Each structure stands twice: as structure tokens, then as C-alpha cells.
Amino acid sequence: MKLEFRNVSKIFGEKAAVDDVSFTLEGAGFVGVIGRSGAGKSTLLRMVNRLGDASRGEILAGGTDILRLKGAEKRAWQSRCAMVFQQFNLVPRMDVASNVLHGLLGRRSTLATLFSLWNNEDIARALEILDRLGIAEQAAKRAEALSGGQQQRVAIARALMQDPDIILADEPIASLDPMNAQVVMDALKRIQTEDGRMVIANLHTLDTARRYCDRVIGMRDGRVVFDGRPDQLTTGVAREIYGADASFTEAATSTAIEGLAPDTEYAAALMGD
Ligand SMILES: Nc1ncnc2c1ncn2[C@@H]1O[C@H](COP(=O)(O)OP(=O)(O)OP(=O)(O)O)[C@@H](O)[C@H]1O
């Protein structure tokens with residue numbers, strides 16, 4: 001899988017949310033996009049699966065500009081890149097297995113979906129995926145009855161049901177406590193390494209990016225200001241990305257996944273979230 005961003009911009013009114021961004025992702029890998037609130041991370045990710053259009057530029061996948069796709073071709077592309085959201089976006093009153101099966105929405109007729117006409121093979125696969133994510137025993141429960149970490153794993157299962165080449169995760173752990181955050185990040189990492197899928201995740205904390213990513217893209221005011229390996233993310237570089245002054249500390253961008261002080265509210269407040 002090769003994904004090439006060429007001079008991609010997204011303008012809202014007068015403001016460039018994404019400003020002339022170019023970089024290339026090649027092969028399977030875990031890519032983290034970091035930056036403070038409003039840096040343009042979500043806007044960038046949403047353009048990849050066409051939830052939002054670009055104002056300028058190209059995003060090439062296998063030589064095709066996916067920003068120009070229409071109709072069936074656009075839907076086919078969207079099913080190749082599944083999206084996972086901060087707020088899970090499940091159907092709360094629906095059972096977990098049906099939520100997962102809804103990952104097939106883009107691939108089936110509306111009528112079949114409307115009447116929940118899932119075949120046995122689909123159901124078996126949904127259960128297998130839930131099992132892989134350690135939540136098979138929750139399959140019959142309503143999604144709303146699950147913890148946040150479990151709900152996010154259901155959302156990941158729904159994404160996997162699409163059998164996507166790419167998983168786009170928009171702040172997948174921002175609503176979770178440190179322990180659940182770790183379970184969800186571990187699940188995404190396993191999917192990436194074991195299945196060879198590309199994962200692009202917007203992350204609002206440095207420690208998560210350092211721990212899980214093969215490559216980190218740092219955004220500030222819509223621009224890419226860092227593109228490198230996690231070990232190159234020094235405090236100085238982080239300061240540049242987050243636009244903080246000398247009082248900037250690592251704690252301000254930490255979810256404390258490994259630490260003992262899960263003061264995420266404080267960290268989020270410092271990050272302007
Ligand atoms: N639909 C919209 N209309 C107008 N402005 C928008 C819209 N969506 C995003 N923006 C603006 O674009 C900029 C980038 O927003 P974006 O959500 O991509 O940032 P982000 O880095 O993902 O931030 P966060 O971590 O808070 O989600 C912000 O200034 C935001 O206010």
C-alpha cells in the first residue's frame with residue numbers, strides 16, 4: 001500500500017485547516033499524527049476516506065487520486081479504509097454483533113442491511129473478530145452496556161469486518177482511561193503487525209506516539225512540521241510541534257499509559273482540548 005499526499009490543502013472560509021501537506025506512506029506500518037487541538041489532524045484523516053473533500057492537492061493510492069473518485073469507485077475506496085472515531089460511533093441500543101456486522105454496510109444492498117439479512121458466514125466472521133479482540137462474550141449485549149474500552153474494540157471489530165487495507169483512527173483513545181487506552185492501542189498495533197494493514201492514528205499524546213508508532217507526522221497550524229521516527233521525537237521537537245514555550249513539559253502531552261499518574265484531565269486542559 002502506498003499513499004502519497006501531494007500538496008493537499010483544506011480551506012474553511014479564510015482558514016487553511018490543512019495547508020499544503022505532502023508526504024508519502026509506503027507499506028504497512030503504524031503512523032501517528034500528532035499536534036495540538038486544531039492542528040488539522042482530523043481534517044487530514046477525514047480527507048483520506050472522503051468524509052471531507054480537499055480544497056487542493058492529490059492523495060494518490062496505487063497511482064489513483066482518491067480525491068477525485070465518485071459513486072461506486074468512491075464507495076469501494078471507502079470500504080478499503082475503515083474509520084475508527086473518538087466517540088466510537090456505535091448504534092447504542094443495538095447488540096454488539098449487529099454493530100460489527102454493520103461494517104459490511106458499504107458492501108451489501110441497503111435492503112439486505114435493512115432487514116438484517118446476514119448470512120451465517122458473515123455472523124461467524126463477526127464472532128471470530130470479536131473473539132480476537134477479547135470481547136466475544138459481549139456479542140449479545142447492547143453496545144451501550146459496554147465500557148468505553150470495550151465499545152472502542154467493537155468499533156475496531158466493525159472496521160475489521162470491512163477487511164480494510166487501512167484503518168484510520170481519529171483520536172481512538174482520547175475518551176478512555178489509561179488502562180483501556182492501552183488495551184485499545186495494543187489491539188490496533190496487533191492488527192497492524194499481524195494482518196499487515198496500515199494504521200494511521202491521530203493521537204494527542206506524545207508517549208502513545210513514541211510507544212506504538214513506526215512513523216510520526218507532527219502537525220502545527222495545518223502544516224507538517226515533523227516527519228520521522230518516534231525516537232527522533234525529542235522534547236525540543238515536541239515543543240516545536242505543540243508550539244509551547246519553555247514551560248512546556250512532557251507531562252502535558254502524556255496519557256500516562258505506563259505511568260502511575262493518569263491525570264488526563266489536567267493534560268487535556270494543558271493541550272487546549
Ligand atoms: N467544518 C468545519 N468548518 C469550519 N472550520 C473547521 C471545520 N472543521 C475543522 N475546522 C477548523 O479547522 C482547524 C483544524 O481542525 P481539526 O479538527 O482538523 O484539528 P485537530 O488537530 O483534529 O484538532 P482536535 O484534536 O481538536 O480534533 C481548526 O481550526 C478547526 O476549527
# chains A, B, ... in the order shown; residues from 1 in each chain; ligands from 1

$ residues_around --residues "stretch 124-135 of chain A" --least-positions-apart "6" --cutoff "7 Å" --atoms "only C-alpha atoms" --output "ChimeraX atom specification"
/A:97,100-101,153,157,161,187

$ residues_near_ligand --ligand "ligand 1" --cutoff "12 Å" --atoms "only C-alpha atoms and all ligand atoms" --output "JSON list (two decimals) with C-alpha atoms, in the first residue's frame"
[["chain", "number", "residue", "atom", "x", "y", "z"],
["A", 9, "SER", "CA", -4.95, 21.72, 1.45],
["A", 10, "LYS", "CA", -8.33, 22.18, 3.04],
["A", 11, "ILE", "CA", -9.65, 25.69, 3.45],
["A", 12, "PHE", "CA", -12.56, 26.56, 5.73],
["A", 13, "GLY", "CA", -13.58, 30.15, 4.92],
["A", 14, "GLU", "CA", -10.33, 32.10, 5.26],
["A", 15, "LYS", "CA", -8.53, 29.47, 7.27],
["A", 16, "ALA", "CA", -6.35, 26.64, 5.96],
["A", 17, "ALA", "CA", -7.09, 23.73, 8.32],
["A", 18, "VAL", "CA", -4.64, 21.67, 6.27],
["A", 19, "ASP", "CA", -2.03, 23.72, 4.48],
["A", 33, "VAL", "CA", -0.33, 12.08, 13.55],
["A", 34, "ILE", "CA", 0.26, 14.38, 16.49],
["A", 35, "GLY", "CA", -0.26, 18.04, 17.21],
["A", 36, "ARG", "CA", -2.29, 20.24, 19.46],
["A", 37, "SER", "CA", -6.02, 20.73, 19.20],
["A", 38, "GLY", "CA", -6.92, 22.45, 15.92],
["A", 39, "ALA", "CA", -3.67, 21.49, 14.17],
["A", 40, "GLY", "CA", -5.61, 19.85, 11.34],
["A", 41, "LYS", "CA", -5.25, 16.16, 12.25],
["A", 42, "SER", "CA", -8.93, 15.21, 11.92],
["A", 43, "THR", "CA", -9.37, 17.21, 8.74],
["A", 44, "LEU", "CA", -6.41, 15.39, 7.19],
["A", 45, "LEU", "CA", -7.66, 11.94, 8.17],
["A", 46, "ARG", "CA", -11.21, 12.62, 7.03],
["A", 47, "MET", "CA", -9.97, 13.58, 3.58],
["A", 51, "LEU", "CA", -15.61, 12.17, 4.73],
["A", 52, "GLY", "CA", -14.42, 15.64, 3.86],
["A", 53, "ASP", "CA", -13.28, 16.96, 0.50],
["A", 54, "ALA", "CA", -9.96, 18.64, -0.13],
["A", 85, "PHE", "CA", -13.68, 7.52, 15.97],
["A", 86, "GLN", "CA", -13.06, 9.00, 19.40],
["A", 87, "GLN", "CA", -16.71, 8.54, 20.40],
["A", 169, "ALA", "CA", -8.30, 6.12, 13.80],
["A", 170, "ASP", "CA", -9.27, 9.63, 14.85],
["A", 171, "GLU", "CA", -8.14, 10.03, 18.47],
["A", 172, "PRO", "CA", -9.17, 6.46, 19.30],
["A", 173, "ILE", "CA", -8.17, 6.66, 22.95],
["A", 174, "ALA", "CA", -8.97, 10.28, 23.80],
["A", 175, "SER", "CA", -12.13, 9.30, 25.70],
["A", 201, "ALA", "CA", -3.97, 7.26, 14.08],
["A", 202, "ASN", "CA", -4.43, 10.80, 15.29],
["A", 203, "LEU", "CA", -3.00, 10.87, 18.76],
["A", 204, "HIS", "CA", -2.99, 13.76, 21.16],
["A", 205, "THR", "CA", -0.27, 12.41, 23.38],
["A", 217, "ILE", "CA", 3.83, 13.09, 11.49],
["A", 218, "GLY", "CA", 3.74, 16.26, 13.57],
["A", 219, "MET", "CA", 1.28, 18.96, 12.54],
["A", 220, "ARG", "CA", 1.07, 22.56, 13.57],
["A", 221, "ASP", "CA", -1.39, 25.10, 12.14],
["A", 222, "GLY", "CA", -2.24, 22.79, 9.24],
["A", 223, "ARG", "CA", 1.35, 22.16, 8.24],
["A", 224, "VAL", "CA", 3.62, 19.17, 8.68],
["A", 241, "ILE", "CA", 5.08, 20.69, 17.20],
["A", 242, "TYR", "CA", 2.93, 21.77, 20.12],
["A", 268, "ALA", "CA", -6.01, 17.66, 28.17],
["A", 269, "ALA", "CA", -6.57, 21.09, 29.68],
["A", 271, "MET", "CA", -3.26, 20.83, 25.48],
["A", 272, "GLY", "CA", -6.31, 23.01, 24.96],
["A", 273, "ASP", "CA", -8.60, 20.01, 24.37]]

$ select_by_dssp --residues "stretch 19-256 of chain A" --states "strand (DSSP E or B)" --output "number ranges by chain"
A: 19-26, 30-34, 56-61, 64-65, 81-85, 95, 142, 166-170, 198-202, 215-220, 223-228

$ select_by_dssp --residues "stretch 61-232 of chain A" --states "helix (DSSP H, G or I)" --output "MDAnalysis selection string"
chainID A and resid 66:68 71:80 96:107 110:114 120:132 136:138 143:145 148:161 178:195 206:212 230:232

$ atom_distance --atom1 "atom CA of A:Met94" --atom2 "atom CA of A:Ala140"
9.1 Å

$ residues_around --residues "stretch 55-71 of chain A" --least-positions-apart "3" --cutoff "8 Å" --atoms "only C-alpha atoms" --output "mmCIF file with N, CA and C atoms, in the first residue's frame"
data_model
loop_
_atom_site.group_PDB
_atom_site.id
_atom_site.type_symbol
_atom_site.label_atom_id
_atom_site.label_comp_id
_atom_site.auth_asym_id
_atom_site.auth_seq_id
_atom_site.Cartn_x
_atom_site.Cartn_y
_atom_site.Cartn_z
ATOM 1 N N MET A 1 0.845 -1.209 0.000
ATOM 2 C CA MET A 1 0.000 0.000 0.000
ATOM 3 C C MET A 1 0.875 1.251 0.000
ATOM 4 N N LYS A 2 0.634 2.108 -0.964
ATOM 5 C CA LYS A 2 1.368 3.378 -0.998
ATOM 6 C C LYS A 2 0.346 4.512 -1.048
ATOM 7 N N LEU A 3 0.514 5.435 -0.150
ATOM 8 C CA LEU A 3 -0.406 6.572 -0.063
ATOM 9 C C LEU A 3 0.429 7.838 -0.139
ATOM 10 N N GLU A 4 0.170 8.605 -1.193
ATOM 11 C CA GLU A 4 1.014 9.778 -1.420
ATOM 12 C C GLU A 4 0.192 11.062 -1.340
ATOM 13 N N PHE A 5 0.503 11.887 -0.379
ATOM 14 C CA PHE A 5 -0.170 13.182 -0.234
ATOM 15 C C PHE A 5 0.634 14.214 -1.014
ATOM 16 N N ARG A 6 -0.024 14.862 -1.966
ATOM 17 C CA ARG A 6 0.681 15.874 -2.772
ATOM 18 C C ARG A 6 0.017 17.231 -2.627
ATOM 19 N N ASN A 7 0.664 18.101 -1.921
ATOM 20 C CA ASN A 7 0.203 19.487 -1.766
ATOM 21 C C ASN A 7 -1.273 19.584 -1.395
ATOM 22 N N VAL A 8 -1.657 18.801 -0.404
ATOM 23 C CA VAL A 8 -3.073 18.745 0.000
ATOM 24 C C VAL A 8 -3.408 19.912 0.937
ATOM 25 N N SER A 9 -4.474 20.630 0.595
ATOM 26 C CA SER A 9 -4.952 21.724 1.454
ATOM 27 C C SER A 9 -6.450 21.606 1.648
ATOM 28 N N LYS A 10 -6.901 22.061 2.804
ATOM 29 C CA LYS A 10 -8.331 22.182 3.042
ATOM 30 C C LYS A 10 -8.589 23.544 3.661
ATOM 31 N N ILE A 11 -9.368 24.332 2.979
ATOM 32 C CA ILE A 11 -9.646 25.688 3.446
ATOM 33 C C ILE A 11 -11.079 25.761 3.972
ATOM 34 N N ASP A 20 -1.124 22.746 2.453
ATOM 35 C CA ASP A 20 -0.072 22.314 1.534
ATOM 36 C C ASP A 20 0.761 21.154 2.104
ATOM 37 N N MET A 47 -10.123 13.461 5.026
ATOM 38 C CA MET A 47 -9.975 13.582 3.576
ATOM 39 C C MET A 47 -9.579 12.234 2.973
ATOM 40 N N VAL A 48 -8.807 11.454 3.733
ATOM 41 C CA VAL A 48 -8.324 10.175 3.197
ATOM 42 C C VAL A 48 -9.494 9.248 2.859
ATOM 43 N N ARG A 50 -12.551 10.331 2.439
ATOM 44 C CA ARG A 50 -13.546 11.153 1.732
ATOM 45 C C ARG A 50 -14.757 11.521 2.584
ATOM 46 N N LYS A 74 -15.805 5.575 -5.424
ATOM 47 C CA LYS A 74 -15.573 6.251 -4.147
ATOM 48 C C LYS A 74 -15.971 5.324 -2.984
ATOM 49 N N ARG A 75 -17.118 4.660 -3.131
ATOM 50 C CA ARG A 75 -17.560 3.751 -2.060
ATOM 51 C C ARG A 75 -16.596 2.572 -1.912
ATOM 52 N N TRP A 77 -13.430 2.649 -2.485
ATOM 53 C CA TRP A 77 -12.262 3.165 -1.765
ATOM 54 C C TRP A 77 -12.569 3.292 -0.270
#

$ residues_around --residues "stretch 79-81 of chain A" --least-positions-apart "3" --cutoff "9 Å" --atoms "only C-alpha atoms" --output "mmCIF file with C-alpha atoms, in the first residue's frame"
data_model
loop_
_atom_site.group_PDB
_atom_site.id
_atom_site.type_symbol
_atom_site.label_atom_id
_atom_site.label_comp_id
_atom_site.auth_asym_id
_atom_site.auth_seq_id
_atom_site.Cartn_x
_atom_site.Cartn_y
_atom_site.Cartn_z
ATOM 1 C CA VAL A 48 -8.324 10.175 3.197
ATOM 2 C CA ASN A 49 -11.613 8.318 3.334
ATOM 3 C CA LYS A 74 -15.573 6.251 -4.147
ATOM 4 C CA ARG A 75 -17.560 3.751 -2.060
ATOM 5 C CA ALA A 76 -15.129 0.984 -2.973
ATOM 6 C CA GLY A 103 -19.166 -2.895 8.913
ATOM 7 C CA LEU A 104 -20.450 -4.681 5.816
ATOM 8 C CA GLY A 106 -20.879 -0.454 2.149
ATOM 9 C CA ARG A 107 -20.636 -3.868 0.542
ATOM 10 C CA ALA A 159 -13.788 -1.720 10.947
ATOM 11 C CA GLN A 162 -14.679 -4.397 6.087
ATOM 12 C CA ASP A 163 -11.320 -6.145 5.681
ATOM 13 C CA PRO A 164 -9.704 -2.773 5.012
ATOM 14 C CA ASP A 165 -6.177 -2.061 3.793
ATOM 15 C CA ILE A 166 -6.023 0.981 6.033
ATOM 16 C CA ILE A 167 -7.518 1.762 9.425
ATOM 17 C CA LEU A 168 -7.933 5.462 10.092
#

$ decode --residues "stretch 114-130 of chain A" --atoms "N, CA and C atoms" --output "PDB file, in the first residue's frame"
ATOM      1  N   LEU A 114     -31.140  -3.483   5.771  1.00  0.00           N
ATOM      2  CA  LEU A 114     -32.341  -3.015   6.455  1.00  0.00           C
ATOM      3  C   LEU A 114     -33.014  -4.151   7.226  1.00  0.00           C
ATOM      4  N   PHE A 115     -33.058  -5.313   6.601  1.00  0.00           N
ATOM      5  CA  PHE A 115     -33.726  -6.445   7.243  1.00  0.00           C
ATOM      6  C   PHE A 115     -32.747  -7.351   7.983  1.00  0.00           C
ATOM      7  N   SER A 116     -31.545  -6.835   8.196  1.00  0.00           N
ATOM      8  CA  SER A 116     -30.512  -7.584   8.920  1.00  0.00           C
ATOM      9  C   SER A 116     -30.345  -9.002   8.367  1.00  0.00           C
ATOM     10  N   LEU A 117     -30.265  -9.072   7.055  1.00  0.00           N
ATOM     11  CA  LEU A 117     -30.133 -10.392   6.441  1.00  0.00           C
ATOM     12  C   LEU A 117     -28.663 -10.794   6.358  1.00  0.00           C
ATOM     13  N   TRP A 118     -28.116 -11.104   7.467  1.00  0.00           N
ATOM     14  CA  TRP A 118     -26.720 -11.513   7.475  1.00  0.00           C
ATOM     15  C   TRP A 118     -26.654 -13.016   7.218  1.00  0.00           C
ATOM     16  N   ASN A 119     -25.708 -13.446   6.422  1.00  0.00           N
ATOM     17  CA  ASN A 119     -25.594 -14.891   6.254  1.00  0.00           C
ATOM     18  C   ASN A 119     -24.689 -15.477   7.346  1.00  0.00           C
ATOM     19  N   ASN A 120     -24.755 -16.796   7.462  1.00  0.00           N
ATOM     20  CA  ASN A 120     -24.030 -17.469   8.553  1.00  0.00           C
ATOM     21  C   ASN A 120     -22.536 -17.202   8.515  1.00  0.00           C
ATOM     22  N   GLU A 121     -22.037 -17.115   7.321  1.00  0.00           N
ATOM     23  CA  GLU A 121     -20.601 -16.866   7.148  1.00  0.00           C
ATOM     24  C   GLU A 121     -20.225 -15.501   7.743  1.00  0.00           C
ATOM     25  N   ASP A 122     -21.066 -14.491   7.450  1.00  0.00           N
ATOM     26  CA  ASP A 122     -20.829 -13.144   7.995  1.00  0.00           C
ATOM     27  C   ASP A 122     -20.865 -13.174   9.518  1.00  0.00           C
ATOM     28  N   ILE A 123     -21.869 -13.853  10.053  1.00  0.00           N
ATOM     29  CA  ILE A 123     -22.031 -13.905  11.508  1.00  0.00           C
ATOM     30  C   ILE A 123     -20.835 -14.603  12.149  1.00  0.00           C
ATOM     31  N   ALA A 124     -20.415 -15.713  11.550  1.00  0.00           N
ATOM     32  CA  ALA A 124     -19.259 -16.448  12.086  1.00  0.00           C
ATOM     33  C   ALA A 124     -18.020 -15.557  12.075  1.00  0.00           C
ATOM     34  N   ARG A 125     -17.882 -14.774  11.011  1.00  0.00           N
ATOM     35  CA  ARG A 125     -16.704 -13.892  10.928  1.00  0.00           C
ATOM     36  C   ARG A 125     -16.753 -12.794  11.978  1.00  0.00           C
ATOM     37  N   ALA A 126     -17.941 -12.231  12.170  1.00  0.00           N
ATOM     38  CA  ALA A 126     -18.084 -11.174  13.177  1.00  0.00           C
ATOM     39  C   ALA A 126     -17.695 -11.712  14.551  1.00  0.00           C
ATOM     40  N   LEU A 127     -18.138 -12.918  14.861  1.00  0.00           N
ATOM     41  CA  LEU A 127     -17.837 -13.504  16.176  1.00  0.00           C
ATOM     42  C   LEU A 127     -16.352 -13.815  16.311  1.00  0.00           C
ATOM     43  N   GLU A 128     -15.776 -14.240  15.215  1.00  0.00           N
ATOM     44  CA  GLU A 128     -14.337 -14.544  15.203  1.00  0.00           C
ATOM     45  C   GLU A 128     -13.524 -13.273  15.483  1.00  0.00           C
ATOM     46  N   ILE A 129     -13.944 -12.195  14.863  1.00  0.00           N
ATOM     47  CA  ILE A 129     -13.239 -10.919  15.061  1.00  0.00           C
ATOM     48  C   ILE A 129     -13.406 -10.443  16.504  1.00  0.00           C
ATOM     49  N   LEU A 130     -14.628 -10.575  17.032  1.00  0.00           N
ATOM     50  CA  LEU A 130     -14.871 -10.177  18.428  1.00  0.00           C
ATOM     51  C   LEU A 130     -14.002 -11.019  19.366  1.00  0.00           C
TER      52      LEU A 130
END
